[in-house]
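Listing of input.cif; format and content: mmCIF, C-alpha atoms.
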```cif
data_input
#
loop_
_atom_site.label_atom_id
_atom_site.label_comp_id
_atom_site.auth_asym_id
_atom_site.auth_seq_id
_atom_site.Cartn_x
_atom_site.Cartn_y
_atom_site.Cartn_z
CA GLY A 1356 -0.68 -2.11 18.08
CA ALA A 1357 1.41 -1.10 15.06
CA VAL A 1358 -0.26 2.22 14.40
CA VAL A 1359 1.10 4.74 11.93
CA SER A 1360 -0.17 8.29 11.81
CA GLN A 1361 0.21 11.04 9.24
CA HIS A 1362 -0.16 14.74 9.62
CA PRO A 1363 -1.81 16.63 8.12
CA SER A 1364 -4.55 14.49 6.65
CA TRP A 1365 -5.38 17.16 4.10
CA VAL A 1366 -3.51 20.22 2.93
CA ILE A 1367 -4.03 22.88 0.29
CA CYS A 1368 -1.11 25.02 -0.77
CA LYS A 1369 -0.33 27.55 -3.44
CA SER A 1370 1.88 26.76 -6.38
CA GLY A 1371 5.52 27.45 -5.60
CA THR A 1372 5.30 26.88 -1.88
CA SER A 1373 6.62 23.90 0.08
CA VAL A 1374 4.63 21.45 2.15
CA LYS A 1375 5.83 19.08 4.86
CA ILE A 1376 4.04 15.82 5.66
CA GLU A 1377 4.85 13.89 8.82
CA CYS A 1378 4.68 10.15 9.31
CA ARG A 1379 4.94 8.69 12.80
CA SER A 1380 4.96 5.16 14.14
CA LEU A 1381 3.05 5.54 17.38
CA ASP A 1382 3.71 2.32 19.26
CA PHE A 1383 6.76 0.79 17.66
CA GLN A 1384 10.15 1.72 16.32
CA ALA A 1385 10.36 1.66 12.56
CA THR A 1386 13.67 0.70 11.04
CA THR A 1387 12.35 1.53 7.60
CA MET A 1388 9.69 3.91 6.37
CA PHE A 1389 8.25 4.07 2.91
CA TRP A 1390 6.54 6.86 1.00
CA TYR A 1391 3.96 6.11 -1.66
CA ARG A 1392 1.93 8.20 -4.02
CA GLN A 1393 -1.54 7.13 -5.06
CA PHE A 1394 -3.26 8.56 -8.11
CA PRO A 1395 -7.03 8.27 -8.52
CA LYS A 1396 -8.09 4.78 -9.53
CA GLN A 1397 -4.48 3.66 -9.61
CA SER A 1398 -2.17 1.70 -7.42
CA LEU A 1399 0.27 2.88 -4.83
CA MET A 1400 3.55 3.83 -6.41
CA LEU A 1401 6.59 3.62 -4.20
CA MET A 1402 8.44 6.93 -4.17
CA ALA A 1403 11.26 6.26 -1.73
CA THR A 1404 12.49 4.14 1.12
CA SER A 1405 14.21 5.59 4.14
CA ASN A 1406 16.11 4.06 7.00
CA GLU A 1407 16.68 5.99 10.20
CA GLY A 1408 19.81 8.06 10.03
CA SER A 1409 20.45 7.31 6.37
CA LYS A 1410 19.71 9.05 3.13
CA ALA A 1411 16.52 7.97 1.43
CA THR A 1412 16.60 5.68 -1.58
CA TYR A 1413 14.43 7.07 -4.33
CA GLU A 1414 12.68 5.07 -7.01
CA GLN A 1415 13.50 5.74 -10.62
CA GLY A 1416 11.76 8.82 -11.90
CA VAL A 1417 11.22 10.43 -8.50
CA GLU A 1418 13.00 13.77 -8.12
CA LYS A 1419 14.90 13.68 -4.87
CA ASP A 1420 15.38 17.45 -4.84
CA LYS A 1421 11.66 17.96 -5.13
CA PHE A 1422 10.55 15.32 -2.65
CA LEU A 1423 12.82 15.68 0.35
CA ILE A 1424 12.67 12.84 2.83
CA ASN A 1425 14.11 13.01 6.31
CA HIS A 1426 14.04 10.04 8.65
CA ALA A 1427 15.13 11.80 11.80
CA SER A 1428 14.29 9.12 14.33
CA LEU A 1429 12.95 5.59 14.61
CA THR A 1430 9.43 6.96 14.92
CA LEU A 1431 9.37 9.92 12.55
CA SER A 1432 9.85 10.45 8.84
CA THR A 1433 8.95 13.59 6.92
CA LEU A 1434 8.26 14.21 3.26
CA THR A 1435 8.65 17.77 2.03
CA VAL A 1436 7.26 18.64 -1.36
CA THR A 1437 9.32 21.64 -2.46
CA SER A 1438 8.10 24.27 -4.90
CA ALA A 1439 4.85 22.41 -5.31
CA HIS A 1440 2.97 22.52 -8.59
CA PRO A 1441 -0.58 21.42 -9.44
CA GLU A 1442 0.74 18.16 -10.91
CA ASP A 1443 2.04 17.27 -7.45
CA SER A 1444 -1.53 17.12 -6.19
CA SER A 1445 -2.06 13.57 -5.05
CA PHE A 1446 -2.61 11.27 -2.11
CA TYR A 1447 0.61 10.54 -0.24
CA ILE A 1448 0.79 7.49 1.99
CA CYS A 1449 3.56 6.40 4.31
CA SER A 1450 4.21 3.01 5.81
CA ALA A 1451 6.60 1.65 8.38
CA ARG A 1452 8.37 -1.62 8.90
CA MET A 1453 9.45 -2.88 12.31
CA SER A 1454 12.64 -4.62 11.30
CA LEU A 1455 14.84 -5.30 8.34
CA TYR A 1456 13.81 -8.96 8.52
CA SER A 1457 10.09 -8.33 8.42
CA TYR A 1458 8.20 -7.88 5.18
CA GLU A 1459 5.10 -6.56 6.88
CA GLN A 1460 4.40 -2.86 6.50
CA TYR A 1461 1.94 -0.79 8.51
CA PHE A 1462 0.29 2.01 6.64
CA GLY A 1463 -0.66 5.51 7.63
CA PRO A 1464 -4.04 7.00 6.69
CA GLY A 1465 -2.59 9.16 3.95
CA THR A 1466 -2.37 12.88 3.21
CA ARG A 1467 -4.36 14.54 0.46
CA LEU A 1468 -2.30 17.33 -1.11
CA THR A 1469 -3.97 19.86 -3.36
CA VAL A 1470 -1.81 22.48 -5.04
CA THR A 1471 -3.66 25.46 -6.47
CA ALA B 1176 9.71 -5.96 -15.01
CA GLN B 1177 8.12 -7.55 -12.00
CA SER B 1178 4.49 -6.61 -11.63
CA VAL B 1179 1.18 -7.48 -10.08
CA SER B 1180 -2.01 -7.52 -12.10
CA GLN B 1181 -5.54 -7.23 -10.86
CA HIS B 1182 -7.86 -7.65 -13.77
CA ASN B 1183 -11.10 -6.60 -12.13
CA HIS B 1184 -11.32 -2.85 -11.71
CA HIS B 1185 -14.74 -2.75 -10.10
CA VAL B 1186 -16.83 -5.63 -8.82
CA ILE B 1187 -20.41 -5.21 -7.72
CA LEU B 1188 -22.09 -7.94 -5.69
CA SER B 1189 -25.17 -8.39 -3.61
CA GLU B 1190 -24.89 -9.39 0.02
CA ALA B 1191 -24.35 -13.13 0.57
CA ALA B 1192 -22.83 -13.57 -2.88
CA SER B 1193 -19.48 -15.29 -3.15
CA LEU B 1194 -16.41 -13.27 -4.00
CA GLU B 1195 -13.30 -14.05 -5.95
CA LEU B 1196 -10.83 -11.31 -6.89
CA GLY B 1197 -8.07 -12.18 -9.29
CA CYS B 1198 -4.40 -11.44 -8.76
CA ASN B 1199 -1.52 -12.51 -10.96
CA TYR B 1200 2.13 -11.69 -10.57
CA SER B 1201 5.08 -11.80 -12.87
CA TYR B 1202 8.25 -13.20 -11.35
CA GLY B 1203 9.83 -16.58 -11.80
CA GLY B 1204 11.36 -16.96 -8.37
CA THR B 1205 10.22 -16.98 -4.78
CA VAL B 1206 7.65 -14.38 -3.84
CA ASN B 1207 5.79 -13.24 -0.77
CA LEU B 1208 2.20 -12.30 -1.48
CA PHE B 1209 -0.22 -10.03 0.31
CA TRP B 1210 -3.77 -8.78 0.14
CA TYR B 1211 -4.52 -5.38 1.63
CA VAL B 1212 -7.90 -3.74 2.08
CA GLN B 1213 -8.68 -0.03 2.19
CA TYR B 1214 -12.10 0.80 3.60
CA PRO B 1215 -13.53 4.19 2.62
CA GLY B 1216 -11.64 6.91 4.41
CA GLN B 1217 -9.35 4.52 6.19
CA HIS B 1218 -5.77 3.35 5.83
CA LEU B 1219 -4.56 0.17 4.18
CA GLN B 1220 -4.90 -2.90 6.36
CA LEU B 1221 -3.38 -6.32 5.87
CA LEU B 1222 -5.97 -9.01 5.13
CA LEU B 1223 -3.64 -11.96 4.73
CA LYS B 1224 -0.20 -12.94 3.54
CA TYR B 1225 1.58 -15.90 2.04
CA PHE B 1226 5.25 -16.60 2.63
CA SER B 1227 5.54 -20.38 2.32
CA GLY B 1228 3.83 -23.62 3.31
CA ASP B 1229 0.13 -24.29 2.88
CA PRO B 1230 -0.91 -22.47 -0.29
CA LEU B 1231 -4.37 -21.84 1.11
CA VAL B 1232 -4.09 -18.90 3.44
CA LYS B 1233 -6.80 -17.73 5.78
CA GLY B 1234 -7.00 -14.11 6.80
CA ILE B 1235 -9.16 -11.84 8.84
CA LYS B 1236 -12.89 -11.28 8.37
CA GLY B 1237 -13.47 -14.62 6.65
CA PHE B 1238 -11.20 -13.96 3.68
CA GLU B 1239 -8.88 -16.56 2.23
CA ALA B 1240 -6.51 -16.73 -0.71
CA GLU B 1241 -4.93 -19.55 -2.64
CA PHE B 1242 -1.41 -19.43 -4.03
CA ILE B 1243 -1.17 -21.39 -7.28
CA LYS B 1244 2.44 -21.29 -8.36
CA SER B 1245 1.82 -22.81 -11.78
CA LYS B 1246 -0.62 -20.04 -12.58
CA PHE B 1247 1.33 -17.24 -10.86
CA SER B 1248 -1.89 -16.42 -9.08
CA PHE B 1249 -3.03 -15.47 -5.61
CA ASN B 1250 -6.79 -14.99 -5.82
CA LEU B 1251 -8.78 -13.67 -2.89
CA ARG B 1252 -12.02 -15.37 -1.92
CA LYS B 1253 -14.86 -15.01 0.51
CA PRO B 1254 -17.87 -17.34 0.48
CA SER B 1255 -20.46 -14.75 1.50
CA VAL B 1256 -19.82 -11.01 1.34
CA GLN B 1257 -21.38 -8.38 3.55
CA TRP B 1258 -22.15 -4.73 2.92
CA SER B 1259 -19.28 -3.90 5.26
CA ASP B 1260 -16.85 -5.54 2.83
CA THR B 1261 -17.29 -2.60 0.48
CA ALA B 1262 -13.73 -1.36 0.02
CA GLU B 1263 -10.76 -1.31 -2.30
CA TYR B 1264 -8.61 -4.43 -2.34
CA PHE B 1265 -4.96 -4.45 -3.30
CA CYS B 1266 -2.81 -7.43 -4.11
CA ALA B 1267 0.93 -6.97 -3.53
CA MET B 1268 4.15 -8.89 -3.58
CA THR B 1269 7.73 -8.77 -2.53
CA TYR B 1270 10.46 -10.82 -4.13
CA GLY B 1271 14.12 -11.50 -3.65
CA GLY B 1272 15.32 -8.47 -5.52
CA SER B 1273 12.78 -6.02 -4.15
CA GLN B 1274 14.54 -5.61 -0.80
CA GLY B 1275 11.26 -6.04 0.97
CA ASN B 1276 9.58 -3.31 -1.03
CA LEU B 1277 5.97 -4.00 -1.90
CA ILE B 1278 4.82 -3.99 -5.49
CA PHE B 1279 1.11 -3.30 -5.67
CA GLY B 1280 -1.54 -4.13 -8.19
CA LYS B 1281 -3.90 -1.38 -9.30
CA GLY B 1282 -6.59 -2.45 -6.90
CA THR B 1283 -10.13 -3.73 -7.24
CA LYS B 1284 -13.03 -1.74 -5.93
CA LEU B 1285 -15.69 -3.96 -4.37
CA SER B 1286 -19.18 -2.59 -3.93
CA VAL B 1287 -21.62 -4.76 -2.00
CA LYS B 1288 -25.29 -3.92 -2.34
CA PRO B 1289 -27.37 -4.43 0.79
#
```
How does the structure come out when it is put into structure tokens?
Amino acid sequence: GAVVSQHPSWVICKSGTSVKIECRSLDFQATTMFWYRQFPKQSLMLMATSNEGSKATYEQGVEKDKFLINHASLTLSTLTVTSAHPEDSSFYICSARMSLYSYEQYFGPGTRLTVT
Amino acid sequence: AQSVSQHNHHVILSEAASLELGCNYSYGGTVNLFWYVQYPGQHLQLLLKYFSGDPLVKGIKGFEAEFIKSKFSFNLRKPSVQWSDTAEYFCAMTYGGSQGNLIFGKGTKLSVKP
């Protein structure tokens, strides 16, 4: 149980275009979903937290107009990288939490974004 | 600022060797501590967690960790590693002001030689 999927697993896009990444909780309802960015040989950096039906809360330094997060339902959150640039190339990971009272997060497999 | 430090970037061991990966955190209050593992090409999985109680926590696959409050540490141990333990290991914490958000260390890559 507690499986989180991401789609696509790998995407290449041209500079200036937008890319949407989906995160789904397959067998549970997620009150909260998180989006992380992982640079090579570095830790996961939290980008934003989203609760279903609410606006996402972005971490300091993360451009909310560039990284659009939509948490449309209890099983789906999307991250759209708008007007992507090569410096946005990274590994994006989502996670989901079952309840507000649980600290445990379940992670998706990640999406490798390459912007050319 | 609150942070988690993992001092070993890359650890190389032979099979059957004992493992200890260091993790220190900076926060003076109550914390919840976690170890996650990321096998090559796979997603992060929870190895074990500490919320309260017995400071020696046992997790999956023979791993354990000990919370030492006086040292702000939560080191991961395994008495005898296997080749299949080759992975990246992340220590993480939440604390009262983090609203349940995980703060990760930079990770330690473990390579086990067969």
Ground truth for the PyMOL selection byres ((chain B) within 7 of (chain A)), written as a PDB file with C-alpha atoms, in the coordinates of the input:
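And here's selection-v4.pdb as it stands now:
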```pdb
ATOM      1  CA  GLN B1217      -9.350   4.520   6.190  1.00  0.00           C
ATOM      2  CA  HIS B1218      -5.770   3.350   5.830  1.00  0.00           C
ATOM      3  CA  LEU B1219      -4.560   0.170   4.180  1.00  0.00           C
ATOM      4  CA  GLY B1275      11.260  -6.040   0.970  1.00  0.00           C
ATOM      5  CA  PHE B1279       1.110  -3.300  -5.670  1.00  0.00           C
ATOM      6  CA  GLY B1280      -1.540  -4.130  -8.190  1.00  0.00           C
ATOM      7  CA  LYS B1281      -3.900  -1.380  -9.300  1.00  0.00           C
ATOM      8  CA  GLY B1282      -6.590  -2.450  -6.900  1.00  0.00           C
TER       9      GLY B1282
END
```
Of the candidates B:Lys1284, B:Lys1236, B:Lys1244, B:Arg1252, which one gets nearest to Ala1192 (chain B) if we count all atoms listed in the file? B:Arg1252
Mind giving me the straight-line distance from CA of Ile1376 (chain A) to CA of Ile1278 (chain B) in Å, one decimal? 22.7 Å
Which residue is closest to Tyr1214 (chain B)? Choose from B:Ala1191, B:Ala1262, B:Val1287, B:Leu1231 and count only C-alpha atoms. B:Ala1262
Selection dump of the PyMOL selection byres ((chain B and resi 1245) around 12), as a list in words: Asn1199, Tyr1200, Ser1201, Tyr1202, Gly1203, Gly1204, Pro1230, Glu1241, Phe1242, Ile1243, Lys1244, Lys1246, Phe1247, Ser1248 and Phe1249 of chain B
Pick from B:His1185, B:Gly1237, B:Ser1178, B:Phe1226 nearest to Thr1261 (chain B), counting all atoms listed in the file: B:His1185
